[in-house]
>>> print(open('structure.cif').read())   # mmCIF, N, CA and C atoms
data_run
loop_
_atom_site.label_atom_id
_atom_site.label_comp_id
_atom_site.auth_asym_id
_atom_site.auth_seq_id
_atom_site.Cartn_x
_atom_site.Cartn_y
_atom_site.Cartn_z
N MET A 1 15.04 21.22 16.86
CA MET A 1 16.17 20.31 16.75
C MET A 1 15.77 19.14 15.86
N ASN A 2 16.51 18.92 14.80
CA ASN A 2 16.21 17.86 13.85
C ASN A 2 17.12 16.67 14.14
N VAL A 3 16.53 15.55 14.58
CA VAL A 3 17.32 14.37 14.93
C VAL A 3 16.96 13.19 14.04
N ILE A 4 16.52 13.46 12.84
CA ILE A 4 16.12 12.39 11.94
C ILE A 4 17.36 11.61 11.48
N LYS A 5 17.26 10.30 11.53
CA LYS A 5 18.35 9.44 11.11
C LYS A 5 18.45 9.47 9.59
N LEU A 6 19.67 9.56 9.11
CA LEU A 6 19.87 9.58 7.66
C LEU A 6 20.10 8.16 7.16
N TYR A 7 19.31 7.77 6.18
CA TYR A 7 19.44 6.49 5.51
C TYR A 7 19.91 6.76 4.09
N PRO A 8 20.49 5.76 3.44
CA PRO A 8 20.86 5.95 2.02
C PRO A 8 19.64 6.31 1.18
N LYS A 9 19.84 7.15 0.20
CA LYS A 9 18.75 7.56 -0.70
C LYS A 9 18.12 6.32 -1.33
N ASP A 10 16.81 6.33 -1.42
CA ASP A 10 16.02 5.28 -2.07
C ASP A 10 16.15 3.89 -1.43
N SER A 11 16.66 3.83 -0.22
CA SER A 11 16.79 2.52 0.45
C SER A 11 15.43 2.06 0.98
N GLN A 12 15.37 0.79 1.34
CA GLN A 12 14.15 0.25 1.92
C GLN A 12 13.80 1.00 3.21
N ALA A 13 14.82 1.29 4.01
CA ALA A 13 14.58 2.00 5.28
C ALA A 13 14.05 3.41 5.03
N THR A 14 14.54 4.05 3.98
CA THR A 14 14.08 5.39 3.65
C THR A 14 12.59 5.37 3.29
N MET A 15 12.19 4.38 2.50
CA MET A 15 10.78 4.27 2.14
C MET A 15 9.93 3.89 3.36
N ALA A 16 10.46 2.99 4.18
CA ALA A 16 9.74 2.57 5.39
C ALA A 16 9.53 3.75 6.34
N ARG A 17 10.51 4.65 6.40
CA ARG A 17 10.38 5.80 7.29
C ARG A 17 9.20 6.69 6.87
N VAL A 18 8.97 6.85 5.58
CA VAL A 18 7.83 7.65 5.13
C VAL A 18 6.53 7.00 5.61
N LEU A 19 6.45 5.68 5.51
CA LEU A 19 5.25 4.98 6.00
C LEU A 19 5.11 5.12 7.51
N ALA A 20 6.23 5.04 8.23
CA ALA A 20 6.19 5.21 9.69
C ALA A 20 5.70 6.61 10.04
N MET A 21 6.18 7.61 9.31
CA MET A 21 5.72 8.99 9.57
C MET A 21 4.23 9.12 9.25
N THR A 22 3.77 8.39 8.26
CA THR A 22 2.34 8.39 7.94
C THR A 22 1.56 7.83 9.12
N MET A 23 2.07 6.78 9.72
CA MET A 23 1.40 6.18 10.87
C MET A 23 1.39 7.13 12.07
N MET A 24 2.38 8.02 12.15
CA MET A 24 2.46 8.96 13.27
C MET A 24 1.65 10.23 13.02
N ALA A 25 1.17 10.43 11.82
CA ALA A 25 0.52 11.70 11.47
C ALA A 25 -0.68 12.02 12.35
N ASP A 26 -1.36 10.99 12.85
CA ASP A 26 -2.49 11.25 13.75
C ASP A 26 -2.11 10.97 15.21
N ALA A 27 -0.80 10.88 15.48
CA ALA A 27 -0.26 10.69 16.83
C ALA A 27 -0.67 9.37 17.46
N CYS A 28 -0.93 8.36 16.62
CA CYS A 28 -1.38 7.08 17.15
C CYS A 28 -1.01 5.95 16.19
N PHE A 29 -0.35 4.93 16.71
CA PHE A 29 -0.14 3.71 15.92
C PHE A 29 -1.34 2.82 16.19
N HIS A 30 -2.07 2.45 15.15
CA HIS A 30 -3.24 1.61 15.31
C HIS A 30 -2.94 0.23 14.71
N PRO A 31 -3.33 -0.85 15.39
CA PRO A 31 -3.06 -2.20 14.86
C PRO A 31 -3.60 -2.41 13.45
N ARG A 32 -4.72 -1.75 13.13
CA ARG A 32 -5.28 -1.92 11.78
C ARG A 32 -4.37 -1.33 10.70
N GLU A 33 -3.51 -0.39 11.08
CA GLU A 33 -2.57 0.16 10.11
C GLU A 33 -1.55 -0.91 9.69
N LEU A 34 -1.05 -1.66 10.66
CA LEU A 34 -0.14 -2.76 10.32
C LEU A 34 -0.87 -3.85 9.54
N GLU A 35 -2.12 -4.11 9.90
CA GLU A 35 -2.90 -5.10 9.16
C GLU A 35 -3.07 -4.66 7.70
N ALA A 36 -3.30 -3.37 7.48
CA ALA A 36 -3.44 -2.86 6.11
C ALA A 36 -2.13 -3.03 5.35
N LEU A 37 -1.01 -2.75 6.00
CA LEU A 37 0.28 -2.93 5.35
C LEU A 37 0.54 -4.41 5.04
N ASP A 38 0.15 -5.29 5.96
CA ASP A 38 0.27 -6.74 5.71
C ASP A 38 -0.61 -7.16 4.53
N ARG A 39 -1.84 -6.67 4.51
CA ARG A 39 -2.82 -7.08 3.50
C ARG A 39 -2.33 -6.81 2.08
N VAL A 40 -1.65 -5.70 1.88
CA VAL A 40 -1.19 -5.35 0.53
C VAL A 40 0.29 -5.70 0.32
N ARG A 41 0.79 -6.57 1.20
CA ARG A 41 2.18 -7.07 1.09
C ARG A 41 3.21 -5.93 1.02
N SER A 42 3.00 -4.92 1.82
CA SER A 42 3.86 -3.74 1.80
C SER A 42 5.32 -4.06 2.07
N PHE A 43 5.56 -4.90 3.04
CA PHE A 43 6.94 -5.14 3.45
C PHE A 43 7.73 -5.83 2.35
N SER A 44 7.15 -6.85 1.73
CA SER A 44 7.87 -7.50 0.63
C SER A 44 8.00 -6.56 -0.57
N ARG A 45 7.00 -5.71 -0.80
CA ARG A 45 7.07 -4.76 -1.91
C ARG A 45 8.18 -3.72 -1.68
N LEU A 46 8.43 -3.42 -0.41
CA LEU A 46 9.52 -2.51 -0.08
C LEU A 46 10.87 -3.22 -0.04
N GLY A 47 10.83 -4.54 0.02
CA GLY A 47 12.07 -5.31 0.06
C GLY A 47 12.64 -5.48 1.46
N LEU A 48 11.76 -5.51 2.47
CA LEU A 48 12.24 -5.73 3.83
C LEU A 48 11.21 -6.54 4.60
N SER A 49 11.64 -7.07 5.72
CA SER A 49 10.74 -7.88 6.54
C SER A 49 9.85 -6.98 7.39
N ARG A 50 8.81 -7.58 7.93
CA ARG A 50 7.92 -6.84 8.83
C ARG A 50 8.70 -6.35 10.04
N ASN A 51 9.58 -7.21 10.58
CA ASN A 51 10.39 -6.82 11.74
C ASN A 51 11.33 -5.67 11.40
N ALA A 52 11.90 -5.69 10.21
CA ALA A 52 12.78 -4.59 9.80
C ALA A 52 11.97 -3.29 9.70
N PHE A 53 10.75 -3.38 9.17
CA PHE A 53 9.90 -2.19 9.11
C PHE A 53 9.61 -1.68 10.52
N LEU A 54 9.24 -2.57 11.42
CA LEU A 54 8.93 -2.17 12.78
C LEU A 54 10.13 -1.54 13.47
N SER A 55 11.32 -2.01 13.15
CA SER A 55 12.54 -1.41 13.71
C SER A 55 12.71 0.03 13.22
N VAL A 56 12.51 0.24 11.91
CA VAL A 56 12.60 1.60 11.35
C VAL A 56 11.52 2.48 11.98
N ALA A 57 10.30 1.96 12.08
CA ALA A 57 9.20 2.73 12.65
C ALA A 57 9.50 3.11 14.10
N SER A 58 10.04 2.18 14.86
CA SER A 58 10.38 2.44 16.26
C SER A 58 11.48 3.51 16.37
N GLU A 59 12.51 3.39 15.53
CA GLU A 59 13.58 4.40 15.52
C GLU A 59 13.02 5.77 15.17
N CYS A 60 12.14 5.81 14.20
CA CYS A 60 11.53 7.06 13.75
C CYS A 60 10.71 7.69 14.88
N PHE A 61 9.90 6.89 15.54
CA PHE A 61 9.07 7.39 16.62
C PHE A 61 9.93 7.90 17.77
N GLU A 62 10.95 7.13 18.14
CA GLU A 62 11.83 7.54 19.24
C GLU A 62 12.55 8.84 18.90
N ALA A 63 13.00 8.98 17.67
CA ALA A 63 13.68 10.22 17.26
C ALA A 63 12.73 11.41 17.34
N ARG A 64 11.49 11.20 16.90
CA ARG A 64 10.52 12.29 16.95
C ARG A 64 10.20 12.67 18.39
N MET A 65 10.12 11.69 19.28
CA MET A 65 9.86 11.99 20.69
C MET A 65 11.02 12.77 21.30
N ARG A 66 12.26 12.39 20.99
CA ARG A 66 13.43 13.13 21.49
C ARG A 66 13.40 14.56 20.97
N SER A 67 13.06 14.73 19.71
CA SER A 67 13.00 16.06 19.11
C SER A 67 11.93 16.91 19.78
N MET A 68 10.79 16.31 20.06
CA MET A 68 9.70 17.05 20.72
C MET A 68 10.13 17.51 22.10
N ARG A 69 10.78 16.62 22.84
CA ARG A 69 11.22 16.99 24.19
C ARG A 69 12.28 18.08 24.14
N ALA A 70 13.22 17.95 23.20
CA ALA A 70 14.31 18.93 23.09
C ALA A 70 13.78 20.31 22.71
N ALA A 71 12.76 20.33 21.88
CA ALA A 71 12.21 21.61 21.42
C ALA A 71 11.07 22.09 22.31
N ASN A 72 10.69 21.26 23.29
CA ASN A 72 9.61 21.59 24.20
C ASN A 72 8.33 21.96 23.44
N ARG A 73 7.93 21.07 22.53
CA ARG A 73 6.71 21.30 21.76
C ARG A 73 5.97 19.99 21.58
N ALA A 74 4.73 20.07 21.18
CA ALA A 74 3.88 18.89 21.09
C ALA A 74 3.64 18.43 19.66
N GLU A 75 4.40 18.90 18.72
CA GLU A 75 4.20 18.52 17.32
C GLU A 75 5.01 17.27 17.00
N LEU A 76 4.32 16.17 16.70
CA LEU A 76 5.01 14.90 16.45
C LEU A 76 5.76 14.92 15.13
N LEU A 77 5.16 15.50 14.10
CA LEU A 77 5.83 15.61 12.81
C LEU A 77 6.09 17.08 12.53
N ASP A 78 7.32 17.38 12.13
CA ASP A 78 7.62 18.75 11.76
C ASP A 78 8.00 18.78 10.28
N ASP A 79 7.83 19.95 9.68
CA ASP A 79 8.07 20.09 8.25
C ASP A 79 9.50 19.74 7.85
N ALA A 80 10.48 20.13 8.66
CA ALA A 80 11.88 19.89 8.31
C ALA A 80 12.17 18.38 8.24
N SER A 81 11.71 17.64 9.24
CA SER A 81 11.95 16.19 9.24
C SER A 81 11.22 15.50 8.10
N LEU A 82 9.99 15.94 7.86
CA LEU A 82 9.23 15.35 6.77
C LEU A 82 9.90 15.64 5.43
N LYS A 83 10.41 16.84 5.26
CA LYS A 83 11.12 17.19 4.02
C LYS A 83 12.34 16.30 3.82
N VAL A 84 13.11 16.09 4.88
CA VAL A 84 14.29 15.21 4.79
C VAL A 84 13.86 13.80 4.39
N ALA A 85 12.80 13.30 5.03
CA ALA A 85 12.33 11.94 4.74
C ALA A 85 11.84 11.83 3.30
N LEU A 86 11.06 12.79 2.85
CA LEU A 86 10.51 12.72 1.49
C LEU A 86 11.60 12.92 0.44
N ASP A 87 12.53 13.81 0.69
CA ASP A 87 13.60 14.06 -0.29
C ASP A 87 14.55 12.88 -0.43
N ALA A 88 14.59 12.01 0.57
CA ALA A 88 15.47 10.84 0.50
C ALA A 88 14.93 9.76 -0.42
N VAL A 89 13.66 9.85 -0.77
CA VAL A 89 13.07 8.94 -1.76
C VAL A 89 13.08 9.71 -3.08
N GLN A 90 14.00 9.34 -3.97
CA GLN A 90 14.20 10.12 -5.19
C GLN A 90 13.72 9.45 -6.46
N SER A 91 13.73 8.15 -6.49
CA SER A 91 13.31 7.41 -7.68
C SER A 91 11.81 7.59 -7.90
N PRO A 92 11.39 7.99 -9.11
CA PRO A 92 9.96 8.13 -9.37
C PRO A 92 9.18 6.84 -9.09
N GLY A 93 9.74 5.71 -9.43
CA GLY A 93 9.06 4.45 -9.18
C GLY A 93 8.89 4.16 -7.70
N LYS A 94 9.91 4.47 -6.91
CA LYS A 94 9.82 4.25 -5.47
C LYS A 94 8.87 5.25 -4.83
N ARG A 95 8.84 6.47 -5.34
CA ARG A 95 7.88 7.44 -4.83
C ARG A 95 6.46 6.97 -5.10
N GLU A 96 6.22 6.46 -6.29
CA GLU A 96 4.89 5.98 -6.65
C GLU A 96 4.49 4.81 -5.74
N LEU A 97 5.42 3.88 -5.49
CA LEU A 97 5.14 2.75 -4.61
C LEU A 97 4.79 3.23 -3.20
N VAL A 98 5.61 4.10 -2.66
CA VAL A 98 5.36 4.59 -1.30
C VAL A 98 4.03 5.34 -1.25
N TYR A 99 3.77 6.14 -2.25
CA TYR A 99 2.50 6.87 -2.31
C TYR A 99 1.32 5.89 -2.29
N ARG A 100 1.37 4.85 -3.09
CA ARG A 100 0.29 3.87 -3.13
C ARG A 100 0.11 3.19 -1.77
N LEU A 101 1.22 2.91 -1.08
CA LEU A 101 1.14 2.29 0.24
C LEU A 101 0.58 3.27 1.27
N VAL A 102 0.93 4.54 1.15
CA VAL A 102 0.35 5.57 2.02
C VAL A 102 -1.15 5.61 1.84
N ILE A 103 -1.61 5.54 0.59
CA ILE A 103 -3.05 5.57 0.29
C ILE A 103 -3.75 4.36 0.93
N GLU A 104 -3.10 3.22 0.97
CA GLU A 104 -3.67 2.04 1.63
C GLU A 104 -3.68 2.21 3.14
N LEU A 105 -2.66 2.88 3.65
CA LEU A 105 -2.47 3.01 5.09
C LEU A 105 -3.39 4.03 5.74
N LEU A 106 -3.58 5.16 5.10
CA LEU A 106 -4.30 6.28 5.74
C LEU A 106 -5.68 5.93 6.28
N PRO A 107 -6.55 5.27 5.54
CA PRO A 107 -7.89 5.01 6.08
C PRO A 107 -7.98 3.76 6.96
N ALA A 108 -6.87 3.10 7.22
CA ALA A 108 -6.89 1.81 7.90
C ALA A 108 -7.50 1.85 9.30
N ASP A 109 -7.33 2.96 10.01
CA ASP A 109 -7.87 3.02 11.37
C ASP A 109 -9.32 3.51 11.41
N GLY A 110 -9.93 3.67 10.23
CA GLY A 110 -11.33 4.02 10.16
C GLY A 110 -11.64 5.50 10.10
N ARG A 111 -10.61 6.32 10.08
CA ARG A 111 -10.84 7.76 9.98
C ARG A 111 -9.61 8.43 9.37
N LEU A 112 -9.82 9.60 8.82
CA LEU A 112 -8.72 10.42 8.30
C LEU A 112 -8.65 11.69 9.12
N SER A 113 -7.53 11.87 9.80
CA SER A 113 -7.37 13.06 10.63
C SER A 113 -6.83 14.22 9.80
N ALA A 114 -6.91 15.40 10.36
CA ALA A 114 -6.36 16.58 9.68
C ALA A 114 -4.86 16.41 9.47
N GLY A 115 -4.17 15.82 10.43
CA GLY A 115 -2.73 15.59 10.29
C GLY A 115 -2.41 14.63 9.16
N GLU A 116 -3.23 13.60 9.00
CA GLU A 116 -3.02 12.64 7.92
C GLU A 116 -3.26 13.29 6.56
N LEU A 117 -4.32 14.08 6.47
CA LEU A 117 -4.60 14.76 5.21
C LEU A 117 -3.51 15.78 4.87
N ALA A 118 -2.99 16.46 5.89
CA ALA A 118 -1.89 17.41 5.66
C ALA A 118 -0.64 16.69 5.19
N LEU A 119 -0.37 15.53 5.76
CA LEU A 119 0.79 14.74 5.34
C LEU A 119 0.63 14.30 3.88
N LEU A 120 -0.55 13.84 3.53
CA LEU A 120 -0.81 13.43 2.15
C LEU A 120 -0.59 14.60 1.19
N GLN A 121 -1.07 15.78 1.57
CA GLN A 121 -0.87 16.96 0.73
C GLN A 121 0.62 17.29 0.58
N ARG A 122 1.38 17.16 1.65
CA ARG A 122 2.82 17.41 1.57
C ARG A 122 3.50 16.43 0.64
N ILE A 123 3.09 15.16 0.70
CA ILE A 123 3.66 14.15 -0.20
C ILE A 123 3.34 14.51 -1.65
N LEU A 124 2.09 14.81 -1.91
CA LEU A 124 1.68 15.15 -3.28
C LEU A 124 2.46 16.37 -3.79
N ASP A 125 2.59 17.37 -2.97
CA ASP A 125 3.30 18.59 -3.38
C ASP A 125 4.80 18.36 -3.53
N ARG A 126 5.40 17.71 -2.56
CA ARG A 126 6.85 17.54 -2.57
C ARG A 126 7.29 16.63 -3.72
N TRP A 127 6.52 15.58 -3.97
CA TRP A 127 6.89 14.63 -5.00
C TRP A 127 6.23 14.94 -6.34
N GLU A 128 5.45 16.01 -6.38
CA GLU A 128 4.77 16.43 -7.60
C GLU A 128 3.99 15.28 -8.24
N LEU A 129 3.18 14.64 -7.43
CA LEU A 129 2.40 13.48 -7.86
C LEU A 129 0.97 13.81 -8.23
N ARG A 130 0.56 15.04 -8.06
CA ARG A 130 -0.84 15.38 -8.22
C ARG A 130 -1.44 14.88 -9.54
N ASP A 131 -0.79 15.14 -10.66
CA ASP A 131 -1.35 14.74 -11.93
C ASP A 131 -1.54 13.23 -12.00
N THR A 132 -0.54 12.48 -11.59
CA THR A 132 -0.63 11.02 -11.62
C THR A 132 -1.73 10.54 -10.68
N ALA A 133 -1.79 11.11 -9.48
CA ALA A 133 -2.79 10.69 -8.50
C ALA A 133 -4.19 10.97 -9.02
N LEU A 134 -4.39 12.13 -9.59
CA LEU A 134 -5.72 12.45 -10.09
C LEU A 134 -6.11 11.59 -11.28
N GLU A 135 -5.16 11.33 -12.17
CA GLU A 135 -5.44 10.49 -13.32
C GLU A 135 -5.89 9.10 -12.90
N GLN A 136 -5.30 8.60 -11.81
CA GLN A 136 -5.60 7.26 -11.37
C GLN A 136 -6.74 7.22 -10.36
N GLY A 137 -7.31 8.38 -10.07
CA GLY A 137 -8.43 8.43 -9.15
C GLY A 137 -8.09 8.12 -7.72
N LEU A 138 -6.85 8.38 -7.31
CA LEU A 138 -6.42 8.03 -5.97
C LEU A 138 -6.63 9.14 -4.97
N VAL A 139 -6.92 10.33 -5.42
CA VAL A 139 -7.11 11.45 -4.50
C VAL A 139 -8.52 11.98 -4.66
#
>>> encode(input="structure.cif", output="structure tokens")
Amino acid sequence: MNVIKLYPKDSQATMARVLAMTMMADACFHPRELEALDRVRSFSRLGLSRNAFLSVASECFEARMRSMRAANRAELLDDASLKVALDAVQSPGKRELVYRLVIELLPADGRLSAGELALLQRILDRWELRDTALEQGLV
């Protein structure tokens, strides 16, 4: 059951949702992840407040929990929801911004989980960023 909230394409909330899903990739919100987002001024770069980001993140997490219960499974992120979230960010510039913020966010809790690495691979594949990422030494 897919219960992902639809936001306007390329909106601040749409970009924030990708970051929230990144934070959920290892099934744990860690305070250092928010600190990393604060450190690189993520919220202002996305054009929203920290509280607005936290609201989107909370909605995203609650939706994923409802979906897990409805489907009776333990997978926090599913491919269908991630595809919807990634496809809603269409502008190449906004994709690049979100990708850079994801790169800042992933190591913030001191480790990279298999789920986080899988999410990064999905972003690279879905947004076809591999060449750019490799050129810039980000992967």
>>> closest_atom_pairs(input="structure.cif", of="segment 24-55 of chain A", to="segment 105-116 of chain A", cutoff="7 Å", atoms="only N, CA and C atoms", output="JSON lines")
{"residue": "A:Ala25", "atom": "C", "partner": "A:Gly115", "partner_atom": "C", "distance": 4.5}
{"residue": "A:Asp26", "atom": "N", "partner": "A:Glu116", "partner_atom": "N", "distance": 5.0}
{"residue": "A:His30", "atom": "CA", "partner": "A:Asp109", "partner_atom": "CA", "distance": 6.2}
{"residue": "A:Arg32", "atom": "C", "partner": "A:Ala108", "partner_atom": "C", "distance": 4.7}
{"residue": "A:Glu33", "atom": "N", "partner": "A:Ala108", "partner_atom": "C", "distance": 4.9}
{"residue": "A:Ala36", "atom": "CA", "partner": "A:Leu105", "partner_atom": "CA", "distance": 6.0}
{"residue": "A:Leu37", "atom": "N", "partner": "A:Leu105", "partner_atom": "CA", "distance": 6.0}
>>> resolve_selection(input="structure.cif", expression="the PyMOL selection byres ((chain A and resi 20-23) around 7)", output="PyMOL selection string")
chain A and resi 15-19+24-30+56-57+60-61+102+106+116
>>> resolve_selection(input="structure.cif", expression="the PyMOL selection byres (((chain A and resi 81-96 and name CA) around 7) and name CA)", output="mmCIF file with N, CA and C atoms, keeping the file's coordinate frame")
data_model
loop_
_atom_site.group_PDB
_atom_site.id
_atom_site.type_symbol
_atom_site.label_atom_id
_atom_site.label_comp_id
_atom_site.auth_asym_id
_atom_site.auth_seq_id
_atom_site.Cartn_x
_atom_site.Cartn_y
_atom_site.Cartn_z
ATOM 1 N N ASN A 2 16.510 18.920 14.800
ATOM 2 C CA ASN A 2 16.210 17.860 13.850
ATOM 3 C C ASN A 2 17.120 16.670 14.140
ATOM 4 N N ILE A 4 16.520 13.460 12.840
ATOM 5 C CA ILE A 4 16.120 12.390 11.940
ATOM 6 C C ILE A 4 17.360 11.610 11.480
ATOM 7 N N LYS A 9 19.840 7.150 0.200
ATOM 8 C CA LYS A 9 18.750 7.560 -0.700
ATOM 9 C C LYS A 9 18.120 6.320 -1.330
ATOM 10 N N ASP A 10 16.810 6.330 -1.420
ATOM 11 C CA ASP A 10 16.020 5.280 -2.070
ATOM 12 C C ASP A 10 16.150 3.890 -1.430
ATOM 13 N N THR A 14 14.540 4.050 3.980
ATOM 14 C CA THR A 14 14.080 5.390 3.650
ATOM 15 C C THR A 14 12.590 5.370 3.290
ATOM 16 N N MET A 15 12.190 4.380 2.500
ATOM 17 C CA MET A 15 10.780 4.270 2.140
ATOM 18 C C MET A 15 9.930 3.890 3.360
ATOM 19 N N ARG A 17 10.510 4.650 6.400
ATOM 20 C CA ARG A 17 10.380 5.800 7.290
ATOM 21 C C ARG A 17 9.200 6.690 6.870
ATOM 22 N N VAL A 18 8.970 6.850 5.580
ATOM 23 C CA VAL A 18 7.830 7.650 5.130
ATOM 24 C C VAL A 18 6.530 7.000 5.610
ATOM 25 N N LEU A 77 5.160 15.500 14.100
ATOM 26 C CA LEU A 77 5.830 15.610 12.810
ATOM 27 C C LEU A 77 6.090 17.080 12.530
ATOM 28 N N ASP A 78 7.320 17.380 12.130
ATOM 29 C CA ASP A 78 7.620 18.750 11.760
ATOM 30 C C ASP A 78 8.000 18.780 10.280
ATOM 31 N N ASP A 79 7.830 19.950 9.680
ATOM 32 C CA ASP A 79 8.070 20.090 8.250
ATOM 33 C C ASP A 79 9.500 19.740 7.850
ATOM 34 N N ALA A 80 10.480 20.130 8.660
ATOM 35 C CA ALA A 80 11.880 19.890 8.310
ATOM 36 C C ALA A 80 12.170 18.380 8.240
ATOM 37 N N LEU A 97 5.420 3.880 -5.490
ATOM 38 C CA LEU A 97 5.140 2.750 -4.610
ATOM 39 C C LEU A 97 4.790 3.230 -3.200
ATOM 40 N N VAL A 98 5.610 4.100 -2.660
ATOM 41 C CA VAL A 98 5.360 4.590 -1.300
ATOM 42 C C VAL A 98 4.030 5.340 -1.250
ATOM 43 N N TYR A 99 3.770 6.140 -2.250
ATOM 44 C CA TYR A 99 2.500 6.870 -2.310
ATOM 45 C C TYR A 99 1.320 5.890 -2.290
ATOM 46 N N ARG A 100 1.370 4.850 -3.090
ATOM 47 C CA ARG A 100 0.290 3.870 -3.130
ATOM 48 C C ARG A 100 0.110 3.190 -1.770
#
>>> atom_distance(input="structure.cif", atom1="atom N of Arg45 of chain A", atom2="atom N of Gln12 of chain A")
10.8 Å
>>> closest_residue(input="structure.cif", among="A:Arg126, A:Tyr7, A:Val40, A:Asn51", to="Glu104 of chain A", atoms="all atoms listed in the file")
A:Val40
>>> atom_distance(input="structure.cif", atom1="atom CA of Pro31 of chain A", atom2="atom CA of Gly47 of chain A")
21.4 Å
>>> select_by_dssp(input="structure.cif", residues="segment 40-136 of chain A", states="helix (DSSP H, G or I)", output="ChimeraX atom specification")
/A:42-46,50-71,79-87,92-109,114-127,130-135
>>> atom_distance(input="structure.cif", atom1="atom N of Phe43 of chain A", atom2="atom C of Leu101 of chain A")
9.7 Å
>>> decode(input="structure.cif", residues="segment 80-114 of chain A", atoms="C-alpha atoms", output="PDB file, in the first residue's frame")
ATOM      1  CA  ALA A  80       7.591   2.438  -5.116  1.00  0.00           C
ATOM      2  CA  SER A  81       7.554   5.257  -2.549  1.00  0.00           C
ATOM      3  CA  LEU A  82      11.168   6.118  -3.202  1.00  0.00           C
ATOM      4  CA  LYS A  83      10.482   6.249  -6.945  1.00  0.00           C
ATOM      5  CA  VAL A  84       7.557   8.636  -6.389  1.00  0.00           C
ATOM      6  CA  ALA A  85       9.707  10.843  -4.142  1.00  0.00           C
ATOM      7  CA  LEU A  86      12.666  10.920  -6.526  1.00  0.00           C
ATOM      8  CA  ASP A  87      10.550  11.470  -9.644  1.00  0.00           C
ATOM      9  CA  ALA A  88       8.916  14.499  -8.016  1.00  0.00           C
ATOM     10  CA  VAL A  89      12.275  16.300  -8.079  1.00  0.00           C
ATOM     11  CA  GLN A  90      12.644  17.031 -11.784  1.00  0.00           C
ATOM     12  CA  SER A  91      14.860  20.085 -12.120  1.00  0.00           C
ATOM     13  CA  PRO A  92      18.504  19.101 -12.725  1.00  0.00           C
ATOM     14  CA  GLY A  93      19.651  21.897 -10.432  1.00  0.00           C
ATOM     15  CA  LYS A  94      17.358  20.797  -7.621  1.00  0.00           C
ATOM     16  CA  ARG A  95      18.424  17.192  -8.062  1.00  0.00           C
ATOM     17  CA  GLU A  96      22.061  18.238  -7.788  1.00  0.00           C
ATOM     18  CA  LEU A  97      21.314  20.261  -4.628  1.00  0.00           C
ATOM     19  CA  VAL A  98      19.446  17.403  -2.974  1.00  0.00           C
ATOM     20  CA  TYR A  99      22.163  14.951  -3.976  1.00  0.00           C
ATOM     21  CA  ARG A 100      24.846  17.162  -2.394  1.00  0.00           C
ATOM     22  CA  LEU A 101      22.780  17.415   0.802  1.00  0.00           C
ATOM     23  CA  VAL A 102      22.310  13.632   0.846  1.00  0.00           C
ATOM     24  CA  ILE A 103      26.103  13.258   0.589  1.00  0.00           C
ATOM     25  CA  GLU A 104      26.475  15.546   3.636  1.00  0.00           C
ATOM     26  CA  LEU A 105      23.765  13.687   5.517  1.00  0.00           C
ATOM     27  CA  LEU A 106      24.717  10.039   5.005  1.00  0.00           C
ATOM     28  CA  PRO A 107      27.913   9.856   7.098  1.00  0.00           C
ATOM     29  CA  ALA A 108      26.593  12.177   9.828  1.00  0.00           C
ATOM     30  CA  ASP A 109      25.792   9.416  12.315  1.00  0.00           C
ATOM     31  CA  GLY A 110      29.284   7.957  11.999  1.00  0.00           C
ATOM     32  CA  ARG A 111      28.486   4.979   9.809  1.00  0.00           C
ATOM     33  CA  LEU A 112      27.029   4.058   6.432  1.00  0.00           C
ATOM     34  CA  SER A 113      24.483   1.265   6.527  1.00  0.00           C
ATOM     35  CA  ALA A 114      23.593  -1.046   3.672  1.00  0.00           C
TER      36      ALA A 114
END
